[in-house]
Structure formats: C-alpha cells, structure tokens
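Below is one structure; the comments refer to it alone.
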Amino acid sequence: MSAPSWHTWNGRNPWQHRTTPLQSHVMQLGLIHHVGYVVADLDDEIPVYRDTLGMAVAVREVMPDQGVEAALLGAGPSYVELIAPLTDDTGVARFLAKKGPGMHHVAFAVADLQSTLRELADGGVEVIDSAPRRGLGGHMVAFLHPRSTGGVLTELVEDHSQYEHTRLEA
C-alpha cells in the first residue's frame, strides 16, 4: 500500500466535507502569521506567555469596533494573538461563553489580500469579509468561514515581510 499523498490524512481528504470546493488552482500562502486564542482577561494571560514562555508583547490594542482587546506576542517568525471580549454581546464573548478559553483561529500571511480574497471567493470559498479591514497592529485582515476551511476559522493577514521569506522560486 502506498503512502497517502500530502493532501490526505489516514487515506481520506480532510477537505472532503467542504461545502464549496476550490477550483483546481492552488494558491500560495505565506507563513502562519499567528494563532489566535480567546481568553477571559489579557492581564491574567499575558504573564504566562511573557514570563513563562519568554514571548515579548509586540502589540496590545483595544479594538472597540470589534468589541475586543488583543495582544500579539512574538514566537519566532510567527505570533500568538490573545483576544479578550470587552462586552458580553460580541462574537468573541459568545465563543468564550460557549467553548471556554482556547484556540479561536489560525492566520496566514498573504502578499495581496484583496486579490487573494477575490480569487478565493471566485473559487467557491465562503468569505466572512468580502473586503479587507483593519486588524490588530494596523494590518489589513479578512476571515474565511470555517465551512470552507476544514472547520477552522481562518484569517488572512496582508504582511509582506513574512510572505517574502517563504516565496518559492518557480
């Protein structure tokens, strides 16, 4: 029996349950920009990452339009984003109430967010944000619905510095 190809796991395609299949074109993403974790209180959690794990706080910001306060902590070429709700009526607050603290999303760096969103939407991916919006630290971001990304909330971050480090030469 041959080993499964890179796009299968235990002999099955993990994207098989996708509600809308991508076209045959394969897009190139950059590095994982960050992994987002929902927490109840940033002041309680930052010391764990800073003092215990040695991660430096790169950005900490209140984002009232999203109803959250967030901090980005460095982890090598990637980051961990801690997200805490400001009020009980936000999506992050509902996530915390339903699932408790933990992993919320994974974010990938892309070189051109607008064209990436257009290409994904044209390929049948369900986008949450049809246009880029301002995210933590001023980066332009957009989210893809978990129904189109294997059950994981996926964020795209326009970040040229990380994307350029991972470009593959043709």
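Residues in the structure tokens are named by chain (A, B, ... in the order shown) and by number from 1 within that chain; ligands are numbered from 1 in the order shown.
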- Task: Skip segment 114-116 of chain A itself and residues of its chain fewer than 6 positions away, then list as an NGL selection string all residues within 12 Å of it, counting only C-alpha atoms.
- Result: :A and (26-30 or 108 or 122-123 or 125 or 127 or 129-133 or 140-144 or 155-158)
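Proximity of A:Leu153, A:Val39, A:Val48, A:Leu136 to Val62 of chain A, computed with only C-alpha atoms, is greatest for A:Leu136.
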For Leu42 of chain A, list every protein, DNA or RNA residue within 8 Å, evaluated using only C-alpha atoms, and leave out those in the same chain fewer than 3 positions away; present the list as an mmCIF file with C-alpha atoms, in the first residue's frame.
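And here is the file that came out, selection.cif:
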```cif
data_model
loop_
_atom_site.group_PDB
_atom_site.id
_atom_site.type_symbol
_atom_site.label_atom_id
_atom_site.label_comp_id
_atom_site.auth_asym_id
_atom_site.auth_seq_id
_atom_site.Cartn_x
_atom_site.Cartn_y
_atom_site.Cartn_z
ATOM 1 C CA VAL A 39 -9.039 34.433 26.834
ATOM 2 C CA GLU A 45 -2.842 35.535 30.476
ATOM 3 C CA ILE A 46 -0.035 37.759 29.172
ATOM 4 C CA GLU A 69 -8.821 43.892 23.368
ATOM 5 C CA ALA A 70 -5.991 41.922 21.816
ATOM 6 C CA ALA A 71 -2.269 41.387 22.262
ATOM 7 C CA LEU A 82 -4.605 36.736 22.736
ATOM 8 C CA ILE A 83 -8.142 38.089 22.348
ATOM 9 C CA ALA A 84 -10.435 39.135 25.207
#
```
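Considering only C-alpha atoms, the residue among A:Gly124, A:Gly74, A:Gly91, A:Gly151 positioned nearest to Val57 of chain A is A:Gly74.
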- Considering only C-alpha atoms, return as a PyMOL selection string whatever protein or nucleic-acid residues lie within 12 Å of Gly100 of chain A, sequence-local ones (same chain, fewer than 2 positions apart) excluded. chain A and resi 37-40+84+92-98+102-104
- Message: Just to confirm, what's the straight-line distance from atom CA of Gln66 of chain A to atom CA of Gly54 of chain A in Å (one decimal)?
- Response: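 Value for the atom CA of Gln66 of chain A-atom CA of Gly54 of chain A distance: 28.2 Å.
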- Task: Please indicate the distance in Å from atom CA of Val152 of chain A to atom CA of Gly138 of chain A, rounded to one decimal place.
- Result: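 Separation of atom CA of Val152 of chain A and atom CA of Gly138 of chain A: 23.5 Å.
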- Report as a ChimeraX atom specification: the residues of segment 66-136 of chain A with a DSSP assignment of strand (DSSP E or B), based on the backbone of this structure. /A:68-75,78-85,102-110,127,133-134
Go ahead and save the residues from that selection, with C-alpha atoms, as an mmCIF file, in the first residue's frame.
```cif
data_model
loop_
_atom_site.group_PDB
_atom_site.id
_atom_site.type_symbol
_atom_site.label_atom_id
_atom_site.label_comp_id
_atom_site.auth_asym_id
_atom_site.auth_seq_id
_atom_site.Cartn_x
_atom_site.Cartn_y
_atom_site.Cartn_z
ATOM 1 C CA VAL A 68 -12.169 43.115 21.856
ATOM 2 C CA GLU A 69 -8.821 43.892 23.368
ATOM 3 C CA ALA A 70 -5.991 41.922 21.816
ATOM 4 C CA ALA A 71 -2.269 41.387 22.262
ATOM 5 C CA LEU A 72 0.202 39.955 19.779
ATOM 6 C CA LEU A 73 3.158 38.089 21.293
ATOM 7 C CA GLY A 74 6.217 37.060 19.305
ATOM 8 C CA ALA A 75 7.001 33.365 18.799
ATOM 9 C CA SER A 78 5.066 33.908 13.961
ATOM 10 C CA TYR A 79 2.870 35.223 16.757
ATOM 11 C CA VAL A 80 0.259 34.226 19.282
ATOM 12 C CA GLU A 81 -2.710 36.587 19.450
ATOM 13 C CA LEU A 82 -4.605 36.736 22.736
ATOM 14 C CA ILE A 83 -8.142 38.089 22.348
ATOM 15 C CA ALA A 84 -10.435 39.135 25.207
ATOM 16 C CA PRO A 85 -14.005 40.412 24.807
ATOM 17 C CA GLY A 102 -8.774 28.334 23.768
ATOM 18 C CA MET A 103 -7.854 28.345 20.118
ATOM 19 C CA HIS A 104 -10.057 30.602 18.023
ATOM 20 C CA HIS A 105 -8.392 30.898 14.604
ATOM 21 C CA VAL A 106 -5.252 30.456 12.524
ATOM 22 C CA ALA A 107 -3.939 33.307 10.382
ATOM 23 C CA PHE A 108 -1.794 33.110 7.266
ATOM 24 C CA ALA A 109 0.275 35.884 5.722
ATOM 25 C CA VAL A 110 -0.585 36.862 2.147
ATOM 26 C CA VAL A 127 -15.563 34.546 2.883
ATOM 27 C CA ARG A 133 -10.488 45.556 7.110
ATOM 28 C CA ARG A 134 -8.110 46.910 9.719
#
```
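Minimum distance to Asp112 of chain A across A:Asp159, A:Pro77, A:His139, A:Leu53 (counting only C-alpha atoms) occurs at A:Asp159.
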- Please measure the separation of atom CA of Leu117 of chain A and atom CA of His34 of chain A, giving the value in Å to one decimal.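 Taking atom CA of Leu117 of chain A as the start and atom CA of His34 of chain A as the end point, the length is 18.5 Å.
Nearest to Pro101 of chain A of all the residues A:Gly36, A:Thr149, A:Glu126, A:Pro64 is A:Gly36, based on only C-alpha atoms.
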